[in-house]
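Here is the file model.pdb (PDB, C-alpha atoms).
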```pdb
ATOM      1  CA  PRO A   1       7.371  10.913   2.151
ATOM      2  CA  GLN A   2      11.071  10.386   1.775
ATOM      3  CA  PRO A   3      12.464   7.895  -0.769
ATOM      4  CA  PRO A   4      12.690   4.250   0.376
ATOM      5  CA  LEU A   5      15.176   3.734   3.170
ATOM      6  CA  THR A   6      17.089   0.577   3.894
ATOM      7  CA  SER A   7      14.485  -1.464   5.740
ATOM      8  CA  THR A   8      13.294  -4.949   6.537
ATOM      9  CA  ALA A   9       9.592  -5.497   7.083
ATOM     10  CA  TYR A  10       7.105  -8.329   7.314
ATOM     11  CA  ARG A  11       4.075  -7.624   5.188
ATOM     12  CA  ARG A  12       0.646  -9.183   5.166
ATOM     13  CA  LEU A  13      -1.292  -8.879   1.907
ATOM     14  CA  GLU A  14      -4.954  -9.829   1.608
ATOM     15  CA  ALA A  15      -7.486  -9.470  -1.185
ATOM     16  CA  ALA A  16     -11.086 -10.479  -1.802
ATOM     17  CA  ALA A  17     -13.443 -10.553  -4.790
ATOM     18  CA  PRO A  18     -16.875 -10.993  -3.154
ATOM     19  CA  ARG A  19     -18.806 -11.489  -6.377
ATOM     20  CA  LEU A  20     -16.530 -14.407  -7.290
ATOM     21  CA  LYS A  21     -16.489 -15.629  -3.679
ATOM     22  CA  LYS A  22     -12.691 -15.753  -3.795
ATOM     23  CA  SER A  23     -10.077 -14.450  -1.387
ATOM     24  CA  ALA A  24      -6.442 -15.034  -0.492
ATOM     25  CA  TRP A  25      -3.678 -13.936   1.868
ATOM     26  CA  LEU A  26       0.092 -13.871   1.613
ATOM     27  CA  ASP A  27       2.823 -13.130   4.171
ATOM     28  CA  ALA A  28       6.211 -11.928   2.940
ATOM     29  CA  ARG A  29       9.518 -10.664   4.255
ATOM     30  CA  VAL A  30      10.508  -7.565   2.267
ATOM     31  CA  VAL A  31      13.964  -6.002   2.217
ATOM     32  CA  ILE A  32      14.541  -2.593   0.621
ATOM     33  CA  ASP A  33      18.170  -1.768  -0.032
ATOM     34  CA  PRO A  34      19.339   1.090  -2.302
ATOM     35  CA  ALA A  35      21.977  -1.210  -3.789
ATOM     36  CA  ARG A  36      19.647  -4.157  -4.543
ATOM     37  CA  GLY A  37      16.237  -2.529  -4.751
ATOM     38  CA  LEU A  38      13.290  -4.396  -3.264
ATOM     39  CA  VAL A  39      13.689  -8.122  -2.610
ATOM     40  CA  TYR A  40      10.915 -10.237  -1.115
ATOM     41  CA  GLU A  41      10.456 -13.774   0.154
ATOM     42  CA  VAL A  42       7.024 -15.351   0.481
ATOM     43  CA  LEU A  43       6.747 -16.982   3.907
ATOM     44  CA  ALA A  44       3.194 -18.346   3.771
ATOM     45  CA  GLU A  45       0.111 -18.090   1.584
ATOM     46  CA  GLU A  46      -3.359 -19.526   1.165
ATOM     47  CA  GLY A  47      -6.522 -19.059  -0.871
ATOM     48  CA  SER A  48      -7.306 -18.418  -4.524
ATOM     49  CA  GLY A  49      -4.307 -19.060  -6.758
ATOM     50  CA  PHE A  50      -5.546 -16.436  -9.201
ATOM     51  CA  ILE A  51      -5.658 -13.736  -6.493
ATOM     52  CA  ARG A  52      -2.334 -14.787  -4.977
ATOM     53  CA  ASN A  53      -0.532 -14.616  -8.316
ATOM     54  CA  ARG A  54      -2.395 -11.870 -10.187
ATOM     55  CA  VAL A  55      -3.017  -9.544  -7.249
ATOM     56  CA  LEU A  56      -0.801 -10.193  -4.204
ATOM     57  CA  ARG A  57       2.454 -11.220  -5.875
ATOM     58  CA  ALA A  58       1.764  -8.706  -8.647
ATOM     59  CA  ALA A  59       1.614  -5.887  -6.071
ATOM     60  CA  LEU A  60       5.058  -6.810  -4.737
ATOM     61  CA  GLU A  61       6.481  -7.169  -8.254
ATOM     62  CA  THR A  62       5.137  -3.758  -9.298
ATOM     63  CA  GLU A  63       6.713  -2.113  -6.262
ATOM     64  CA  SER A  64       9.977  -3.954  -6.835
ATOM     65  CA  ARG A  65      10.194  -2.700 -10.427
ATOM     66  CA  ALA A  66       9.394   0.853  -9.312
ATOM     67  CA  VAL A  67      12.122   0.878  -6.648
ATOM     68  CA  THR A  68      14.595  -0.505  -9.184
ATOM     69  CA  ARG A  69      13.692   2.188 -11.751
ATOM     70  CA  SER A  70      13.919   5.053  -9.275
ATOM     71  CA  PRO A  71      13.048   5.394  -5.579
ATOM     72  CA  THR A  72      11.534   8.846  -6.237
ATOM     73  CA  LEU A  73       9.051   7.937  -9.009
ATOM     74  CA  ALA A  74       6.129   7.918  -6.567
ATOM     75  CA  SER A  75       7.398  10.590  -4.164
ATOM     76  CA  ILE A  76       5.230  13.609  -3.344
ATOM     77  CA  THR A  77       7.414  16.165  -5.113
ATOM     78  CA  THR A  78       6.841  18.949  -7.619
ATOM     79  CA  ASP A  79       8.551  16.764 -10.236
ATOM     80  CA  ASN A  80       5.661  14.296  -9.985
ATOM     81  CA  TYR A  81       2.722  16.469  -8.884
ATOM     82  CA  ALA A  82       1.093  19.876  -9.012
ATOM     83  CA  ILE A  83       0.564  20.568  -5.304
ATOM     84  CA  THR A  84      -1.843  23.126  -3.799
ATOM     85  CA  ASP A  85      -3.187  23.842  -0.316
ATOM     86  CA  ALA A  86      -6.716  22.451   0.133
ATOM     87  CA  GLY A  87      -7.246  23.707   3.683
ATOM     88  CA  PRO A  88      -7.658  21.762   6.945
ATOM     89  CA  ASP A  89      -9.711  18.592   7.286
ATOM     90  CA  HIS A  90     -12.222  17.888  10.080
ATOM     91  CA  GLU A  91      -9.389  16.766  12.400
ATOM     92  CA  GLY A  92      -7.395  19.954  11.887
ATOM     93  CA  LEU A  93      -4.817  18.217   9.696
ATOM     94  CA  VAL A  94      -3.469  19.955   6.587
ATOM     95  CA  ARG A  95      -4.797  18.752   3.222
ATOM     96  CA  LEU A  96      -2.674  19.169   0.122
ATOM     97  CA  ARG A  97      -4.293  18.587  -3.269
ATOM     98  CA  ILE A  98      -2.026  16.523  -5.522
ATOM     99  CA  VAL A  99      -2.547  16.232  -9.293
ATOM    100  CA  PRO A 100      -0.127  13.940 -11.170
ATOM    101  CA  LYS A 101       1.941  15.482 -13.944
ATOM    102  CA  ARG A 102       1.977  12.217 -15.915
ATOM    103  CA  SER A 103      -0.148   9.118 -16.342
ATOM    104  CA  ASP A 104       1.487   6.484 -14.148
ATOM    105  CA  GLN A 105       0.002   3.733 -11.971
ATOM    106  CA  LEU A 106       2.401   4.745  -9.201
ATOM    107  CA  LEU A 107       0.762   8.177  -8.882
ATOM    108  CA  VAL A 108      -2.457   9.142  -7.092
ATOM    109  CA  ASP A 109      -4.918  11.891  -8.016
ATOM    110  CA  GLY A 110      -6.122  12.991  -4.596
ATOM    111  CA  PHE A 111      -4.861  14.420  -1.317
ATOM    112  CA  VAL A 112      -1.941  14.207   1.075
ATOM    113  CA  ILE A 113      -2.933  14.627   4.732
ATOM    114  CA  VAL A 114      -0.163  16.161   6.822
ATOM    115  CA  ALA A 115       0.297  16.883  10.553
ATOM    116  CA  PRO A 116       0.546  20.699  10.823
ATOM    117  CA  GLU A 117       3.080  20.773  13.672
ATOM    118  CA  THR A 118       5.599  18.343  12.188
ATOM    119  CA  ALA A 119       4.793  18.188   8.426
ATOM    120  CA  GLU A 120       4.755  14.400   8.749
ATOM    121  CA  VAL A 121       2.513  12.548   6.315
ATOM    122  CA  VAL A 122      -0.490  10.896   7.970
ATOM    123  CA  ARG A 123      -2.050   9.405   4.835
ATOM    124  CA  ILE A 124      -2.385   9.700   1.074
ATOM    125  CA  GLU A 125      -5.805   9.080  -0.454
ATOM    126  CA  GLY A 126      -7.346   9.277  -3.897
ATOM    127  CA  ARG A 127      -7.643   7.530  -7.246
ATOM    128  CA  MET A 128      -4.824   5.804  -9.090
ATOM    129  CA  MET A 129      -3.940   7.934 -12.090
ATOM    130  CA  LYS A 130      -3.553   4.843 -14.288
ATOM    131  CA  THR A 131      -5.136   1.480 -13.626
ATOM    132  CA  PRO A 132      -2.867  -1.581 -13.894
ATOM    133  CA  SER A 133      -5.109  -3.444 -16.346
ATOM    134  CA  PHE A 134      -7.862  -3.005 -18.959
ATOM    135  CA  TRP A 135     -10.073  -5.154 -16.718
ATOM    136  CA  ILE A 136      -9.810  -2.652 -13.852
ATOM    137  CA  THR A 137     -11.711   0.590 -14.465
ATOM    138  CA  ARG A 138     -11.050   2.487 -11.238
ATOM    139  CA  VAL A 139      -8.888   2.069  -8.141
ATOM    140  CA  GLU A 140      -9.394   4.090  -4.960
ATOM    141  CA  VAL A 141      -6.455   3.920  -2.551
ATOM    142  CA  VAL A 142      -5.560   4.978   0.985
ATOM    143  CA  ARG A 143      -1.975   4.723   2.226
ATOM    144  CA  ARG A 144      -1.439   5.286   5.951
ATOM    145  CA  TYR A 145       1.842   6.462   7.457
ATOM    146  CA  ALA A 146       3.330   6.535  10.944
ATOM    147  CA  VAL A 147       6.520   7.750  12.565
ATOM    148  CA  ILE A 148       8.656   4.830  13.722
ATOM    149  CA  ASP A 149      11.924   5.680  15.464
ATOM    150  CA  GLY A 150      12.008   9.070  13.762
ATOM    151  CA  PHE A 151      11.173   7.841  10.244
ATOM    152  CA  ASN A 152       7.898   8.692   8.473
ATOM    153  CA  VAL A 153       7.124   5.347   6.811
ATOM    154  CA  PRO A 154       4.078   3.593   5.273
ATOM    155  CA  ILE A 155       2.287   1.113   7.527
ATOM    156  CA  GLU A 156      -0.790   0.208   5.494
ATOM    157  CA  LEU A 157      -2.098   0.359   1.938
ATOM    158  CA  SER A 158      -5.755  -0.373   1.230
ATOM    159  CA  SER A 159      -7.681  -0.135  -1.999
ATOM    160  CA  ARG A 160     -11.029  -0.788  -3.594
ATOM    161  CA  ALA A 161     -11.050  -1.557  -7.313
ATOM    162  CA  GLN A 162     -13.913  -1.716  -9.797
ATOM    163  CA  MET A 163     -13.479  -4.540 -12.312
ATOM    164  CA  ARG A 164     -15.256  -4.883 -15.647
ATOM    165  CA  PHE A 165     -18.129  -7.398 -15.377
ATOM    166  CA  LEU A 166     -16.924  -8.600 -11.955
ATOM    167  CA  GLY A 167     -17.811  -5.735  -9.627
ATOM    168  CA  ALA A 168     -15.757  -4.526  -6.686
ATOM    169  CA  SER A 169     -12.668  -6.109  -5.155
ATOM    170  CA  THR A 170     -10.669  -5.142  -2.073
ATOM    171  CA  PHE A 171      -6.986  -5.248  -1.186
ATOM    172  CA  ARG A 172      -4.943  -4.425   1.886
ATOM    173  CA  MET A 173      -1.236  -4.627   2.685
ATOM    174  CA  GLN A 174       0.087  -4.050   6.181
ATOM    175  CA  TYR A 175       3.699  -3.487   7.222
ATOM    176  CA  ARG A 176       5.431  -4.592  10.425
ATOM    177  CA  TYR A 177       8.995  -3.311  10.462
ATOM    178  CA  ASP A 178      11.905  -5.336  11.794
ATOM    179  CA  SER A 179      14.544  -2.684  11.078
ATOM    180  CA  ILE A 180      14.810   0.758   9.469
ATOM    181  CA  ALA A 181      18.106   2.284   8.301
ATOM    182  CA  GLY A 182      19.939  -0.730   9.712
ATOM    183  CA  THR A 183      18.576  -0.318  13.248
ATOM    184  CA  PRO A 184      15.997  -2.631  14.894
ATOM    185  CA  VAL A 185      12.724  -0.803  15.550
ATOM    186  CA  SER A 186      11.692  -0.227  19.156
ATOM    187  CA  ALA A 187       7.880  -0.215  18.744
ATOM    188  CA  GLN A 188       5.163  -0.909  16.193
ATOM    189  CA  PRO A 189       2.011   1.149  15.482
ATOM    190  CA  ALA A 190      -1.357  -0.481  16.086
ATOM    191  CA  LEU A 191      -2.898  -2.176  13.052
ATOM    192  CA  GLU A 192      -6.402  -3.409  12.399
ATOM    193  CA  ASP A 193      -7.075  -7.158  12.699
ATOM    194  CA  THR A 194      -8.935  -7.858   9.450
ATOM    195  CA  PRO A 195      -7.048  -6.274   6.536
ATOM    196  CA  GLY A 196      -8.514  -6.335   3.059
ATOM    197  CA  VAL A 197     -12.151  -6.652   4.090
ATOM    198  CA  GLU A 198     -14.906  -4.124   3.609
ATOM    199  CA  PRO A 199     -17.581  -3.773   6.315
ATOM    200  CA  GLY A 200     -20.168  -6.514   5.888
ATOM    201  CA  GLN A 201     -17.826  -8.929   4.088
ATOM    202  CA  ASP A 202     -16.415 -12.166   5.457
ATOM    203  CA  ALA A 203     -12.736 -11.952   6.309
ATOM    204  CA  PRO A 204     -10.307 -14.228   4.485
ATOM    205  CA  GLU A 205      -8.979 -16.938   6.773
ATOM    206  CA  ALA A 206      -6.163 -15.365   8.750
ATOM    207  CA  GLY A 207      -2.570 -16.339   8.144
ATOM    208  CA  PRO A 208      -0.112 -17.112  10.917
ATOM    209  CA  ALA A 209       0.913 -14.229  13.152
ATOM    210  CA  LEU A 210       3.756 -12.119  11.837
ATOM    211  CA  PRO A 211       6.817 -11.472  14.016
ATOM    212  CA  GLY A 212       5.884  -9.030  16.744
ATOM    213  CA  GLU A 213       2.163  -9.893  16.645
ATOM    214  CA  THR A 214       0.137 -11.741  19.220
ATOM    215  CA  PRO A 215      -1.351 -14.865  17.609
TER     216      PRO A 215
END
```
Kindly return the structure encoded in the file as structure tokens.
Amino acid sequence: PQPPLTSTAYRRLEAAAPRLKKSAWLDARVVIDPARGLVYEVLAEEGSGFIRNRVLRAALETESRAVTRSPTLASITTDNYAITDAGPDHEGLVRLRIVPKRSDQLLVDGFVIVAPETAEVVRIEGRMMKTPSFWITRVEVVRRYAVIDGFNVPIELSSRAQMRFLGASTFRMQYRYDSIAGTPVSAQPALEDTPGVEPGQDAPEAGPALPGETP
């Protein structure tokens, strides 16, 4: 994927810790600008204060710091990864094996799935090379991409983390773009209705509809 472009997006973040019977959601407006980095405004939120502050806001803060440091720190490049061809997947898409060259929580040890005709990224999946906390022992992530008005951009990030003594937790962040490269977007990709929830779990209470969604 290319480095962050100038963009404005509404994001919905949700997380759940089933063993603790806690969940939360947060809606934010996020602006990425090469001159200012990533700036976000929380529009609405509800649920566990611990999850909202330690998980949802923390995810936005981590991304903001990364964009400020360098927009290419997490890019799929040979500076960050050893990249090899892993052959096609069951859908005929190209799989590229990516192995991080350094221990960094921005990097993923896993695969990039690419459309063979266009070389556009479909998704990135694998294990975070470095967990964000001692209390988290493993994080499996999937980041989905789509082409919106000619730009190959992320539309969803989901993860499942294993926490010491507390079991599994889930997280999902969805993106709905308002503008990319200074131009209003013409269409949005379809997104699932219950982000952040594993099959068989109760969904966190939904937040208000984001711009462009049907309530």
Inset, instruction - Would you work out the distance separating CA of Phe111 (chain A) from CA of Leu5 (chain A), expressed in Å to one decimal? - result: 23.1 Å
Inset, instruction - Figure out the distance between CA of Val139 (chain A) and CA of Ile83 (chain A), please, to one decimal in Å. - result: 21.0 Å
Inset, instruction - Could you give me, as a list in words, the residues that sit within 9 Å of (15.4, -5.4, 8.4) in the file's coordinates, counting all atoms listed in the file? - result: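 Collected hits near the coordinates: Thr6, Ser7, Thr8, Ala9, Tyr10, Arg29, Val30, Val31, Ile32, Tyr177, Asp178, Ser179, Ile180, Ala181, Gly182, Thr183, Pro184 and Val185 of chain A.
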Keeping C-alpha atoms, export the residues of the selection given above as a PDB file, in the coordinates of the input.
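Output file part.pdb is given in full below:
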```pdb
ATOM      1  CA  THR A   6      17.089   0.577   3.894  1.00  0.00           C
ATOM      2  CA  SER A   7      14.485  -1.464   5.740  1.00  0.00           C
ATOM      3  CA  THR A   8      13.294  -4.949   6.537  1.00  0.00           C
ATOM      4  CA  ALA A   9       9.592  -5.497   7.083  1.00  0.00           C
ATOM      5  CA  TYR A  10       7.105  -8.329   7.314  1.00  0.00           C
ATOM      6  CA  ARG A  29       9.518 -10.664   4.255  1.00  0.00           C
ATOM      7  CA  VAL A  30      10.508  -7.565   2.267  1.00  0.00           C
ATOM      8  CA  VAL A  31      13.964  -6.002   2.217  1.00  0.00           C
ATOM      9  CA  ILE A  32      14.541  -2.593   0.621  1.00  0.00           C
ATOM     10  CA  TYR A 177       8.995  -3.311  10.462  1.00  0.00           C
ATOM     11  CA  ASP A 178      11.905  -5.336  11.794  1.00  0.00           C
ATOM     12  CA  SER A 179      14.544  -2.684  11.078  1.00  0.00           C
ATOM     13  CA  ILE A 180      14.810   0.758   9.469  1.00  0.00           C
ATOM     14  CA  ALA A 181      18.106   2.284   8.301  1.00  0.00           C
ATOM     15  CA  GLY A 182      19.939  -0.730   9.712  1.00  0.00           C
ATOM     16  CA  THR A 183      18.576  -0.318  13.248  1.00  0.00           C
ATOM     17  CA  PRO A 184      15.997  -2.631  14.894  1.00  0.00           C
ATOM     18  CA  VAL A 185      12.724  -0.803  15.550  1.00  0.00           C
TER      19      VAL A 185
END
```
Inset, instruction - Give me the result of the PyMOL selection byres ((chain A and resi 153) around 10) on this file, residue by residue, as number ranges by chain. - result: A: 1-5, 120-122, 144-152, 154-156, 175, 177, 180
Legend entry - Contacts of Glu91 (chain A) at 12 Å (all atoms listed in the file; same-chain gap of 5+ positions) as a PyMOL selection string: chain A and resi 113-116+122
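Every protein or nucleic acid residue with an atom no more than 12 Å from Asn53 (chain A), counting only C-alpha atoms and leaving out same-chain residues fewer than 4 positions away, appears here: Leu13, Glu14, Ala15, Ser23, Ala24, Trp25, Leu26, Val42, Glu45, Glu46, Gly47, Ser48, Gly49, Arg57, Ala58, Ala59, Leu60 and Glu61 of chain A.
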Export of prior selection with C-alpha atoms as a PDB file, in the frame of the given file:
```pdb
ATOM      1  CA  LEU A  13      -1.292  -8.879   1.907  1.00  0.00           C
ATOM      2  CA  GLU A  14      -4.954  -9.829   1.608  1.00  0.00           C
ATOM      3  CA  ALA A  15      -7.486  -9.470  -1.185  1.00  0.00           C
ATOM      4  CA  SER A  23     -10.077 -14.450  -1.387  1.00  0.00           C
ATOM      5  CA  ALA A  24      -6.442 -15.034  -0.492  1.00  0.00           C
ATOM      6  CA  TRP A  25      -3.678 -13.936   1.868  1.00  0.00           C
ATOM      7  CA  LEU A  26       0.092 -13.871   1.613  1.00  0.00           C
ATOM      8  CA  VAL A  42       7.024 -15.351   0.481  1.00  0.00           C
ATOM      9  CA  GLU A  45       0.111 -18.090   1.584  1.00  0.00           C
ATOM     10  CA  GLU A  46      -3.359 -19.526   1.165  1.00  0.00           C
ATOM     11  CA  GLY A  47      -6.522 -19.059  -0.871  1.00  0.00           C
ATOM     12  CA  SER A  48      -7.306 -18.418  -4.524  1.00  0.00           C
ATOM     13  CA  GLY A  49      -4.307 -19.060  -6.758  1.00  0.00           C
ATOM     14  CA  ARG A  57       2.454 -11.220  -5.875  1.00  0.00           C
ATOM     15  CA  ALA A  58       1.764  -8.706  -8.647  1.00  0.00           C
ATOM     16  CA  ALA A  59       1.614  -5.887  -6.071  1.00  0.00           C
ATOM     17  CA  LEU A  60       5.058  -6.810  -4.737  1.00  0.00           C
ATOM     18  CA  GLU A  61       6.481  -7.169  -8.254  1.00  0.00           C
TER      19      GLU A  61
END
```
Inset, instruction - Please indicate the distance in Å from CA of Ser70 (chain A) to CA of Arg54 (chain A), rounded to one decimal place. - result: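 About the pair CA of Ser70 (chain A) and CA of Arg54 (chain A): they are 23.5 Å apart.
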Please, what is the axis-aligned box for every listed atom of region 57-64 of chain A with 4 Å on each side, as centre and edge lengths in Å to one decimal, as JSON?
```
{"center_x": 5.8, "center_y": -6.7, "center_z": -7.0, "size_x": 16.4, "size_y": 17.1, "size_z": 12.6}
```
Would you kindly return, as an mmCIF file with C-alpha atoms, in the coordinates of the input, each protein, DNA or RNA residue with an atom no farther than 7 Å from any atom of Gly110 (chain A), considering all atoms listed in the file and excluding same-chain residues fewer than 2 positions away?
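That gives us out_18.cif:
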```cif
data_model
loop_
_atom_site.group_PDB
_atom_site.id
_atom_site.type_symbol
_atom_site.label_atom_id
_atom_site.label_comp_id
_atom_site.auth_asym_id
_atom_site.auth_seq_id
_atom_site.Cartn_x
_atom_site.Cartn_y
_atom_site.Cartn_z
ATOM 1 C CA ARG A 97 -4.293 18.587 -3.269
ATOM 2 C CA ILE A 98 -2.026 16.523 -5.522
ATOM 3 C CA VAL A 99 -2.547 16.232 -9.293
ATOM 4 C CA VAL A 108 -2.457 9.142 -7.092
ATOM 5 C CA GLU A 125 -5.805 9.080 -0.454
ATOM 6 C CA GLY A 126 -7.346 9.277 -3.897
ATOM 7 C CA ARG A 127 -7.643 7.530 -7.246
#
```
Legend entry - Selection dump of the PyMOL selection byres ((chain A and resi 130) around 9), as a list of chain:residue names: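 Matching residues under the PyMOL selection byres ((chain A and resi 130) around 9) are A:Ser103, A:Asp104, A:Gln105, A:Leu106, A:Leu107, A:Val108, A:Arg127, A:Met128, A:Met129, A:Thr131, A:Pro132, A:Ser133, A:Arg138, A:Val139.
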Inset, instruction - Given the file shown, determine the residues that the PyMOL selection byres ((chain A and resi 82) around 10) selects; report them as number ranges by chain. - result: A: 76-81, 83-84, 96-101
Store the residues picked out above, limited to C-alpha atoms, as a PDB file, in the coordinates of the input.
```pdb
ATOM      1  CA  ILE A  76       5.230  13.609  -3.344  1.00  0.00           C
ATOM      2  CA  THR A  77       7.414  16.165  -5.113  1.00  0.00           C
ATOM      3  CA  THR A  78       6.841  18.949  -7.619  1.00  0.00           C
ATOM      4  CA  ASP A  79       8.551  16.764 -10.236  1.00  0.00           C
ATOM      5  CA  ASN A  80       5.661  14.296  -9.985  1.00  0.00           C
ATOM      6  CA  TYR A  81       2.722  16.469  -8.884  1.00  0.00           C
ATOM      7  CA  ILE A  83       0.564  20.568  -5.304  1.00  0.00           C
ATOM      8  CA  THR A  84      -1.843  23.126  -3.799  1.00  0.00           C
ATOM      9  CA  LEU A  96      -2.674  19.169   0.122  1.00  0.00           C
ATOM     10  CA  ARG A  97      -4.293  18.587  -3.269  1.00  0.00           C
ATOM     11  CA  ILE A  98      -2.026  16.523  -5.522  1.00  0.00           C
ATOM     12  CA  VAL A  99      -2.547  16.232  -9.293  1.00  0.00           C
ATOM     13  CA  PRO A 100      -0.127  13.940 -11.170  1.00  0.00           C
ATOM     14  CA  LYS A 101       1.941  15.482 -13.944  1.00  0.00           C
TER      15      LYS A 101
END
```
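Shortest separation to Ala74 (chain A) among A:Asp109, A:Asp33, A:Glu140, A:Glu41 occurs at residue A:Asp109, atoms counted being only C-alpha atoms.
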Inset, instruction - Kindly indicate which residue among A:Val142, A:Ser64, A:Lys22, A:Arg12 lies nearest to Ala44 (chain A), using only C-alpha atoms for the distances. - result: A:Arg12
